[in-house]
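Shown below: final-v5.tsv, with TSV, C-alpha atoms.
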chain	number	residue	atom	x	y	z
G	155	MET	CA	120.13	83.95	120.18
G	156	GLY	CA	119.94	81.95	123.44
G	157	GLY	CA	116.21	81.47	123.05
G	158	THR	CA	116.66	80.17	119.53
G	159	LYS	CA	119.38	77.74	120.54
G	160	TYR	CA	117.44	76.18	123.40
G	161	TRP	CA	114.21	76.10	121.42
G	162	THR	CA	115.85	74.44	118.42
G	163	TRP	CA	117.32	71.69	120.56
G	164	HIS	CA	114.01	71.35	122.38
G	165	MET	CA	112.27	70.65	119.09
G	166	ALA	CA	115.06	68.40	117.80
G	167	ALA	CA	114.91	66.43	121.07
G	168	GLY	CA	111.15	66.04	120.62
G	169	VAL	CA	111.58	64.57	117.14
G	170	LEU	CA	114.32	62.19	118.29
G	171	ILE	CA	112.22	61.10	121.27
G	172	LEU	CA	109.37	60.27	118.89
G	173	PHE	CA	111.73	58.10	116.85
G	174	LEU	CA	113.25	56.40	119.89
G	175	LEU	CA	109.86	55.82	121.51
G	176	GLY	CA	108.66	54.31	118.27
G	177	MET	CA	111.63	51.95	118.31
G	178	HIS	CA	110.94	51.21	121.98
G	179	MET	CA	107.32	50.30	121.23
G	180	LEU	CA	108.33	48.13	118.30
G	181	ILE	CA	110.96	46.22	120.25
G	182	MET	CA	109.26	45.94	123.62
G	183	HIS	CA	105.62	45.49	122.70
G	184	THR	CA	105.55	43.83	119.31
G	185	ALA	CA	107.19	40.82	117.72
G	186	LEU	CA	108.16	42.76	114.61
G	187	LEU	CA	111.86	42.77	115.54
G	188	PRO	CA	112.45	39.21	116.86
G	189	ARG	CA	116.20	39.75	116.81
G	190	PHE	CA	115.89	41.86	119.97
G	191	SER	CA	113.16	39.75	121.61
G	192	PRO	CA	113.86	36.12	120.77
G	193	TYR	CA	112.23	34.80	123.94
G	194	SER	CA	108.52	35.36	123.42
G	195	THR	CA	106.86	33.65	126.38
G	196	GLY	CA	105.90	35.62	129.45
G	197	THR	CA	108.27	33.84	131.77
G	198	ASP	CA	111.20	34.54	129.45
G	199	MET	CA	110.70	38.31	129.29
G	200	VAL	CA	113.55	38.75	131.75
G	201	LYS	CA	115.79	36.91	129.31
G	202	ASN	CA	114.77	39.36	126.61
G	203	THR	CA	115.61	42.27	128.89
G	204	LEU	CA	119.00	40.78	129.81
G	205	LEU	CA	119.73	40.15	126.15
G	206	ARG	CA	119.10	43.81	125.29
G	207	ASP	CA	120.85	45.16	128.38
G	208	GLY	CA	123.95	43.22	127.41
G	209	LYS	CA	124.21	45.03	124.09
G	210	LEU	CA	126.16	48.29	124.16
G	211	PHE	CA	123.82	49.75	121.51
G	212	PHE	CA	120.86	49.51	123.89
G	213	THR	CA	122.76	50.93	126.84
G	214	VAL	CA	123.86	53.92	124.79
G	215	THR	CA	120.34	54.37	123.37
G	216	TYR	CA	118.81	54.23	126.86
G	217	ILE	CA	121.17	56.94	128.05
G	218	LEU	CA	120.54	59.04	124.93
G	219	MET	CA	116.78	58.71	125.33
G	220	LEU	CA	117.03	59.62	128.99
G	221	GLY	CA	119.05	62.73	128.18
G	222	LEU	CA	116.72	63.81	125.41
G	223	GLY	CA	113.63	63.16	127.51
G	224	LEU	CA	115.01	65.07	130.48
G	225	TYR	CA	116.06	68.03	128.34
G	226	HIS	CA	112.79	68.14	126.43
G	227	GLY	CA	110.64	67.76	129.53
G	228	LEU	CA	112.55	70.08	131.82
G	229	TYR	CA	112.92	72.78	129.18
G	230	GLY	CA	109.17	72.56	128.56
G	231	LEU	CA	108.55	72.83	132.30
G	232	ARG	CA	110.91	75.80	132.49
G	233	THR	CA	109.00	77.51	129.68
G	234	MET	CA	105.72	77.00	131.52
G	235	LEU	CA	107.17	78.23	134.80
G	236	PHE	CA	108.50	81.33	133.05
G	237	GLU	CA	104.92	82.07	132.03
G	238	LEU	CA	104.24	82.71	135.70
G	239	THR	CA	107.16	85.00	136.13
G	240	LEU	CA	108.07	86.86	138.31
G	241	ASN	CA	111.53	88.36	137.76
G	242	SER	CA	115.03	87.65	136.48
G	243	MET	CA	116.28	86.36	139.82
G	244	THR	CA	113.45	83.84	140.09
G	245	GLU	CA	114.03	82.73	136.53
G	246	LYS	CA	117.69	82.15	137.24
G	247	ALA	CA	116.80	80.19	140.36
G	248	VAL	CA	114.26	78.08	138.45
G	249	THR	CA	116.83	77.38	135.73
G	250	PHE	CA	119.45	76.45	138.31
G	251	VAL	CA	117.12	74.06	140.15
G	252	LEU	CA	115.99	72.41	136.90
G	253	VAL	CA	119.60	71.97	135.73
G	254	ILE	CA	120.50	70.37	139.06
G	255	VAL	CA	117.44	68.08	138.91
G	256	GLY	CA	118.17	67.21	135.27
G	257	VAL	CA	121.84	66.46	135.83
G	258	GLY	CA	121.01	64.46	138.96
G	259	LEU	CA	118.38	62.32	137.24
G	260	PHE	CA	120.61	61.87	134.21
G	261	GLY	CA	123.45	60.70	136.42
G	262	LEU	CA	121.19	58.29	138.28
G	263	GLY	CA	119.69	56.91	135.06
G	264	THR	CA	123.09	56.55	133.43
G	265	TRP	CA	124.40	54.72	136.46
G	266	ALA	CA	121.38	52.37	136.37
G	267	ALA	CA	121.85	51.69	132.65
G	268	VAL	CA	125.56	50.97	133.08
G	269	ILE	CA	124.93	48.69	136.06
G	270	ALA	CA	122.22	46.84	134.13
G	271	HIS	CA	124.68	46.43	131.24
G	272	SER	CA	127.33	45.02	133.60
G	273	ILE	CA	124.87	42.63	135.24
G	274	ALA	CA	123.68	41.41	131.86
G	275	LEU	CA	127.23	40.85	130.68
G	276	ALA	CA	128.12	39.04	133.91
G	277	GLY	CA	125.01	36.86	133.53
G	278	ALA	CA	125.90	36.08	129.94
G	279	ARG	CA	129.36	34.95	131.01
G	280	GLY	CA	127.73	32.74	133.64
Y	206	MET	CA	74.67	115.27	117.26
Y	207	PRO	CA	73.47	116.26	113.79
Y	208	GLU	CA	69.75	116.91	113.37
Y	209	THR	CA	69.30	114.05	110.95
Y	210	SER	CA	70.42	111.46	113.45
Y	211	HIS	CA	67.92	109.75	115.69
Y	212	ALA	CA	68.74	108.18	119.01
Y	213	VAL	CA	67.66	104.60	118.58
Y	214	ARG	CA	68.74	103.29	121.95
Y	215	GLN	CA	70.07	104.35	125.33
Y	216	VAL	CA	73.34	102.59	126.01
Y	217	ASN	CA	75.05	102.64	129.37
Y	218	PHE	CA	78.73	103.45	128.90
Y	219	HIS	CA	80.70	101.98	131.81
Y	220	VAL	CA	83.88	103.99	131.52
Y	221	THR	CA	87.05	103.36	133.54
Y	222	ARG	CA	88.26	106.50	135.27
Y	223	TYR	CA	91.61	107.01	136.89
Y	224	ASN	CA	93.63	110.01	137.86
Y	225	PRO	CA	96.94	108.90	139.35
Y	226	GLU	CA	97.24	112.19	141.21
Y	227	SER	CA	94.01	111.71	143.16
Y	228	ASP	CA	92.85	108.09	142.80
Y	229	SER	CA	94.44	105.09	144.45
Y	230	GLN	CA	93.05	102.75	141.80
Y	231	PRO	CA	90.84	102.86	138.71
Y	232	TYR	CA	87.08	102.86	139.11
Y	233	VAL	CA	84.11	102.73	136.74
Y	234	MET	CA	81.62	105.52	136.04
Y	235	LYS	CA	78.34	104.98	134.23
Y	236	PHE	CA	77.02	107.36	131.59
Y	237	ASP	CA	73.73	107.09	129.68
Y	238	VAL	CA	74.41	107.83	126.05
Y	239	PRO	CA	71.73	108.12	123.34
Y	240	VAL	CA	73.07	106.03	120.51
Y	241	ARG	CA	72.06	106.29	116.88
Y	242	GLU	CA	72.85	103.89	114.11
Y	243	GLY	CA	76.40	104.25	112.81
Y	244	MET	CA	77.64	105.97	115.95
Y	245	THR	CA	81.13	104.94	117.00
Y	246	VAL	CA	82.42	104.51	120.52
Y	247	LEU	CA	84.53	107.61	119.89
Y	248	ASP	CA	81.34	109.56	119.10
Y	249	GLY	CA	79.89	108.28	122.38
Y	250	LEU	CA	82.91	109.48	124.31
Y	251	HIS	CA	82.60	112.88	122.64
Y	252	TYR	CA	78.96	112.97	123.68
Y	253	ILE	CA	79.96	112.27	127.27
Y	254	LYS	CA	82.66	114.95	127.23
Y	255	ASP	CA	80.37	117.53	125.61
Y	256	ASN	CA	77.27	116.85	127.68
Y	257	LEU	CA	77.95	114.80	130.79
Y	258	ASP	CA	81.48	115.04	132.10
Y	259	SER	CA	84.07	117.33	130.57
Y	260	THR	CA	86.88	115.82	132.66
Y	261	LEU	CA	86.90	112.51	130.79
Y	262	VAL	CA	90.25	111.98	129.09
Y	263	TRP	CA	91.19	109.79	126.13
Y	264	ARG	CA	93.58	109.93	123.21
Y	265	TYR	CA	92.46	110.27	119.62
Y	266	SER	CA	93.41	112.01	116.42
Y	267	CYS	CA	92.32	110.93	112.95
Y	268	ARG	CA	88.85	109.47	113.68
Y	269	MET	CA	89.19	107.01	110.80
Y	270	GLY	CA	91.29	104.08	111.93
Y	271	ILE	CA	94.62	105.29	110.61
Y	272	CYS	CA	96.53	106.96	113.42
Y	273	GLY	CA	96.10	104.21	116.02
Y	274	SER	CA	95.63	106.64	118.89
Y	275	CYS	CA	92.25	105.55	120.24
Y	276	GLY	CA	92.97	101.93	121.12
Y	277	MET	CA	90.78	100.92	124.06
Y	278	LEU	CA	89.28	97.90	125.73
Y	279	LEU	CA	85.73	97.76	124.38
Y	280	ASN	CA	83.46	95.21	126.04
Y	281	GLY	CA	86.56	93.33	127.08
Y	282	ARG	CA	88.25	93.29	123.67
Y	283	PRO	CA	90.93	95.66	122.45
Y	284	GLY	CA	89.89	97.78	119.50
Y	285	LEU	CA	89.87	101.26	118.05
Y	286	ALA	CA	87.12	103.49	119.41
Y	287	CYS	CA	86.86	105.30	116.09
Y	288	ASN	CA	86.10	102.30	113.91
Y	289	THR	CA	83.94	100.36	116.33
Y	290	GLN	CA	80.25	101.09	116.14
Y	291	VAL	CA	78.46	100.99	119.46
Y	292	LEU	CA	75.49	99.00	118.19
Y	293	HIS	CA	77.77	96.38	116.68
Y	294	ILE	CA	79.12	95.37	120.08
Y	295	ALA	CA	76.55	96.49	122.66
Y	296	GLU	CA	72.84	96.08	123.37
Y	297	THR	CA	72.37	98.19	126.46
Y	298	ASN	CA	75.73	98.15	128.20
Y	299	LEU	CA	79.19	98.95	126.93
Y	300	THR	CA	82.35	98.84	128.98
Y	301	VAL	CA	85.14	101.15	127.90
Y	302	GLY	CA	88.53	100.84	129.54
Y	303	PRO	CA	92.16	101.61	128.84
Y	304	LEU	CA	94.26	99.03	127.02
Y	305	PRO	CA	95.57	96.42	129.47
Y	306	ASN	CA	99.26	95.51	129.71
Y	307	PHE	CA	100.08	99.24	129.82
Y	308	GLU	CA	100.26	101.71	132.64
Y	309	ILE	CA	97.45	104.23	132.71
Y	310	ILE	CA	98.32	107.88	132.30
Y	311	ARG	CA	94.78	108.96	132.96
Y	312	ASP	CA	91.26	107.55	132.38
Y	313	LEU	CA	91.46	105.86	128.95
Y	314	VAL	CA	94.98	106.94	128.05
Y	315	PRO	CA	97.58	104.14	128.17
Y	316	ALA	CA	101.29	104.87	128.43
Y	317	LEU	CA	102.64	103.41	125.19
Y	318	ARG	CA	106.26	104.20	125.98
Y	319	SER	CA	107.07	100.59	126.94
Y	320	MET	CA	105.82	99.40	123.55
Y	321	PHE	CA	107.83	101.95	121.60
Y	322	ASP	CA	110.95	101.29	123.67
Y	323	LYS	CA	110.74	97.63	122.69
Y	324	HIS	CA	109.95	98.60	119.12
Y	325	ARG	CA	113.13	100.66	118.99
Y	326	THR	CA	115.28	97.74	120.17
Y	327	ILE	CA	114.54	95.64	117.08
Y	328	LYS	CA	115.71	98.44	114.76
Y	329	PRO	CA	112.54	98.86	112.76
Y	330	TYR	CA	114.11	100.40	109.70
Y	331	ILE	CA	116.12	99.34	106.67
Y	332	LEU	CA	119.66	98.32	107.62
Y	333	ARG	CA	122.23	98.08	104.84
Y	334	ALA	CA	125.97	97.65	104.70
Y	335	ASP	CA	126.44	100.65	102.40
Y	336	GLU	CA	126.65	103.45	104.90
Y	337	ALA	CA	126.33	106.16	102.26
Y	338	GLU	CA	122.91	104.95	101.17
Y	339	LEU	CA	121.88	104.36	104.77
Y	340	ASN	CA	122.74	107.89	105.84
Y	341	ASP	CA	121.47	109.60	102.72
Y	342	PRO	CA	118.81	107.36	101.23
Y	343	ALA	CA	118.35	108.46	97.66
Y	344	GLY	CA	118.49	105.27	95.62
Y	345	GLU	CA	115.71	103.25	94.09
Y	346	PHE	CA	115.70	99.49	94.53
Y	347	TYR	CA	114.25	96.74	92.44
Y	348	GLN	CA	111.76	94.60	94.32
Y	349	SER	CA	109.46	92.13	92.62
Y	350	PRO	CA	105.72	92.05	93.41
Y	351	GLU	CA	106.25	88.68	95.12
Y	352	GLU	CA	108.97	90.10	97.33
Y	353	LEU	CA	106.73	93.01	98.24
Y	354	GLU	CA	103.84	90.66	98.96
Y	355	SER	CA	105.97	88.69	101.43
Y	356	TYR	CA	105.95	91.54	103.93
Y	357	LEU	CA	103.26	93.92	102.71
Y	358	GLN	CA	100.55	93.02	105.22
Y	359	PHE	CA	102.94	93.63	108.10
Y	360	THR	CA	103.46	97.21	106.94
Y	361	TYR	CA	99.81	97.96	107.69
Y	362	CYS	CA	100.50	98.02	111.44
Y	363	ILE	CA	99.51	101.39	112.91
Y	364	LYS	CA	101.14	100.82	116.32
Y	365	CYS	CA	97.84	101.16	118.18
Y	366	GLY	CA	98.87	98.63	120.84
Y	367	CYS	CA	95.72	96.47	120.56
Y	368	CYS	CA	97.81	93.35	119.92
Y	369	MET	CA	100.00	94.12	122.91
Y	370	ALA	CA	96.90	94.53	125.07
Y	371	ALA	CA	95.49	91.19	123.88
Y	372	CYS	CA	98.69	89.20	124.37
Y	373	PRO	CA	98.44	86.76	127.31
Y	374	THR	CA	102.22	86.28	127.44
Y	375	LEU	CA	102.77	90.00	127.80
Y	376	ALA	CA	100.19	90.01	130.58
Y	377	THR	CA	102.37	87.68	132.61
Y	378	ASP	CA	105.78	88.96	131.57
Y	379	ALA	CA	106.18	92.65	130.86
Y	380	ARG	CA	109.70	92.07	129.53
Y	381	TYR	CA	108.47	90.06	126.53
Y	382	LEU	CA	108.89	92.09	123.34
Y	383	GLY	CA	105.31	91.48	122.30
Y	384	PRO	CA	103.51	91.12	118.98
Y	385	MET	CA	103.93	94.61	117.58
Y	386	PRO	CA	107.75	94.88	117.77
Y	387	LEU	CA	108.20	91.29	116.61
Y	388	THR	CA	105.90	91.87	113.65
Y	389	ALA	CA	107.89	94.97	112.77
Y	390	GLY	CA	111.05	92.88	113.01
Y	391	ARG	CA	109.59	90.30	110.66
Y	392	ARG	CA	108.52	93.06	108.29
Y	393	TYR	CA	112.05	94.42	107.94
Y	394	ASN	CA	113.73	91.01	108.01
Y	395	THR	CA	111.68	90.00	104.98
Y	396	ASP	CA	112.26	93.21	103.06
Y	397	THR	CA	114.78	92.41	100.32
Y	398	ARG	CA	116.31	95.87	100.63
Y	399	ASP	CA	117.34	95.08	104.19
Y	400	GLU	CA	120.36	93.14	105.43
Y	401	GLY	CA	119.95	93.52	109.17
Y	402	ARG	CA	118.20	90.26	109.94
Y	403	ARG	CA	121.11	88.64	111.74
Y	404	GLU	CA	121.58	91.79	113.80
Y	405	ARG	CA	117.91	91.72	114.78
Y	406	ASN	CA	118.10	87.99	115.50
Y	407	GLU	CA	120.19	88.80	118.56
Y	408	ILE	CA	117.13	90.52	120.05
Y	409	THR	CA	114.23	88.63	118.51
Y	410	GLY	CA	115.86	85.24	119.16
Y	411	GLY	CA	116.81	86.12	122.72
Y	412	PRO	CA	115.16	85.13	125.99
Y	413	ILE	CA	112.44	87.82	125.68
Y	414	GLY	CA	111.96	87.37	121.96
Y	415	ALA	CA	109.83	85.33	119.61
Y	416	PHE	CA	110.12	82.05	121.50
Y	417	ARG	CA	108.15	83.46	124.42
Y	418	CYS	CA	105.12	83.49	122.13
Y	419	HIS	CA	102.89	80.45	122.62
Y	420	TYR	CA	100.63	81.15	119.71
Y	421	ALA	CA	97.46	82.08	121.54
Y	422	GLY	CA	96.62	84.10	118.44
Y	423	GLU	CA	94.75	86.84	120.31
Y	424	CYS	CA	96.97	89.50	118.75
Y	425	SER	CA	95.73	88.62	115.29
Y	426	ARG	CA	92.11	88.67	116.41
Y	427	ALA	CA	92.55	92.05	118.08
Y	428	CYS	CA	94.32	93.82	115.22
Y	429	PRO	CA	91.98	96.45	113.75
Y	430	LYS	CA	93.98	96.59	110.52
Y	431	GLY	CA	93.86	92.89	109.69
Y	432	VAL	CA	97.56	92.36	110.28
Y	433	ASP	CA	98.42	88.86	111.47
Y	434	PRO	CA	101.13	89.28	114.14
Y	435	ALA	CA	100.81	85.65	115.26
Y	436	LYS	CA	101.72	84.52	111.75
Y	437	ALA	CA	104.62	86.97	111.63
Y	438	ILE	CA	105.99	85.57	114.88
Y	439	GLN	CA	105.66	81.95	113.76
Y	440	LEU	CA	107.43	82.78	110.50
Y	441	MET	CA	110.08	84.58	112.48
Y	442	LYS	CA	110.61	81.53	114.71
Y	443	ARG	CA	111.12	79.34	111.65
Y	444	ARG	CA	113.64	81.75	110.19
Y	445	LEU	CA	115.46	82.02	113.53
Y	446	VAL	CA	115.82	78.25	113.74
Y	447	LEU	CA	117.00	78.02	110.12
Y	448	ASP	CA	119.47	80.82	110.73
Y	449	TYR	CA	120.76	79.09	113.85
Y	450	LEU	CA	121.21	75.84	111.95
Y	451	ARG	CA	122.80	77.81	109.08
Y	452	LEU	CA	120.29	76.46	106.62
Y	453	THR	CA	119.47	79.80	105.03
Y	454	ARG	CA	121.15	81.09	101.93
Y	455	LYS	CA	123.28	84.18	102.33
Y	456	GLY	CA	121.74	86.25	99.59
Y	457	LYS	CA	122.67	89.82	98.87
Y	458	PRO	CA	120.02	92.48	99.37
Y	459	CYS	CA	118.44	93.87	96.25
Y	460	GLN	CA	120.63	96.34	94.46
Y	461	LYS	CA	120.17	99.99	93.77
Y	462	LEU	CA	118.85	100.82	90.32
Y	463	HIS	CA	120.82	103.14	88.09
Y	464	GLY	CA	119.84	106.75	88.30
Y	465	PRO	CA	119.12	108.87	85.23
Y	466	GLY	CA	122.22	109.12	83.04
Y	467	GLU	CA	124.00	106.32	84.91
Y	468	GLY	CA	124.54	102.74	83.85
Y	469	LYS	CA	124.98	101.23	80.43
Y	470	PRO	CA	122.66	102.66	77.76
Y	471	LEU	CA	120.53	100.06	76.02
Y	472	THR	CA	120.91	99.70	72.28
Y	473	ASN	CA	118.19	99.28	69.66
Y	474	ILE	CA	115.70	101.41	71.51
Y	475	ALA	CA	113.73	103.69	69.25
Y	476	ALA	CA	114.82	107.31	69.56
Y	477	ALA	CA	112.40	109.73	71.13
Y	478	PRO	CA	110.48	111.88	68.63
Y	479	GLN	CA	111.96	115.23	67.79
Y	480	LYS	CA	110.72	118.13	69.81
Y	481	THR	CA	107.99	119.99	68.03
Y	482	VAL	CA	108.07	123.11	70.17
Y	483	GLY	CA	110.70	125.10	71.96
Y	484	HIS	CA	113.63	124.63	69.59

Any chance you could put this one into structure tokens?
Amino acid sequence: MGGTKYWTWHMAAGVLILFLLGMHMLIMHTALLPRFSPYSTGTDMVKNTLLRDGKLFFTVTYILMLGLGLYHGLYGLRTMLFELTLNSMTEKAVTFVLVIVGVGLFGLGTWAAVIAHSIALAGARG
Amino acid sequence: MPETSHAVRQVNFHVTRYNPESDSQPYVMKFDVPVREGMTVLDGLHYIKDNLDSTLVWRYSCRMGICGSCGMLLNGRPGLACNTQVLHIAETNLTVGPLPNFEIIRDLVPALRSMFDKHRTIKPYILRADEAELNDPAGEFYQSPEELESYLQFTYCIKCGCCMAACPTLATDARYLGPMPLTAGRRYNTDTRDEGRRERNEITGGPIGAFRCHYAGECSRACPKGVDPAKAIQLMKRRLVLDYLRLTRKGKPCQKLHGPGEGKPLTNIAAAPQKTVGH
């Protein structure tokens, strides 16, 4: 059932990414949710970003979206690479490399999100 | 050919030849075949064997699209030689080759063992918990017309291998189960007499199972019996996901009907007429 498990989460991740990207577009590129973007002028966009980065909800959502995006994308890439296969050893190697890349990028992105959260909080405190 | 037939056209049959004992790789031989209306590719091959080259080898049996023996690659598409008319697919040239995605035994004869090995792994038969019925099947089971309809078309598969030859995923990964075994799995999973779906899920939901299919749909186009393996696989994927998420009901398989003299007799049924002879 390994194929079923990975495929199910792949699809679930796709649906969640659609939802989160929709939220992202609404918040970042429209004025429909002014609570998250109170500073509307171009020069104040950084203030908007700092405001969001200072909220734990956004930090957690960024990390969640990153994880989902990495899983969805890398699993899709793995599926395509398996189309070119090759043999079991190569497949294992491809899986290993993609897991390492995924975990590495997830760690880097998580670190960046946490740092941005800390900076925003420090800025808010003055 | 019978006297009443008239050759209406000369068609060049470009036939793949290969003898693993003497040839390093397959090659193509050309034969001029007089073709009459209604003549099948199988008739053309018989003409070649009878008149031009008696060493040509292919597999066939029923000559009427039932046995699934004469699957071949006809003008680049898998099909049965016995139910494909030459003039329906060729003007002057017709290529005839063995089914791809299989090893060649000789000339036009594919080795179907790999397909049947995979077929065996998905347990293509009724699985039930009651061992007695499984080992000595004698019962009759109630199945509604709707329940029958849910899997009926998948029973029409004749195991000719045309879908396997058309499958692009199988062309790149020989380990993939392929359309025929997966369709057979779907057929038995849907049968209400069966309760082996979760057992089959271990194979069909595994790394070489249904999720390797990317829905090219060539299997359904190639099937000479009108079975839709691509649909079967998509339905199987849905059921696998629902099973994984435990969103399917655990229903019991349909029960065995009472045999004659068994069960509770119904009341208020009119008695049979008295015998008029033999008493």

Interface, chain G side, toward chain Y (10 Å; only C-alpha atoms) as a ChimeraX atom specification: /G:155-163,165,233-234,236-242

Straight-line distance linking CA of Met199 in chain G with CA of Ser272 in chain G, stated in Å to one decimal: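 Spanning CA of Met199 in chain G to CA of Ser272 in chain G is a straight-line distance of 18.4 Å.
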
Nearby residues (only C-alpha atoms) at most 6 Å from Val291 in chain Y, same-chain spacing under 4 positions excluded, as a list of chain:residue names: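 The residues that qualify are Y:Thr245, Y:Val246, Y:Ala295.
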
CA of Ile310 in chain Y to CA of Val240 in chain Y, straight-line distance in Å: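 Between these atoms lies a distance of 27.9 Å.
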
Shell of 12 Å around Leu247 in chain Y, all atoms listed in the file, local chain residues under 5 positions omitted, as an MDAnalysis selection string: chainID Y and resid 218 238 240 252:254 262:270 274:277 279 284:291 301 313

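Each of G:Ala276, G:Leu220, G:Ala166, G:Ala247 was compared to Leu262 in chain G using only C-alpha atoms, and G:Leu220 turns out to be the nearest.
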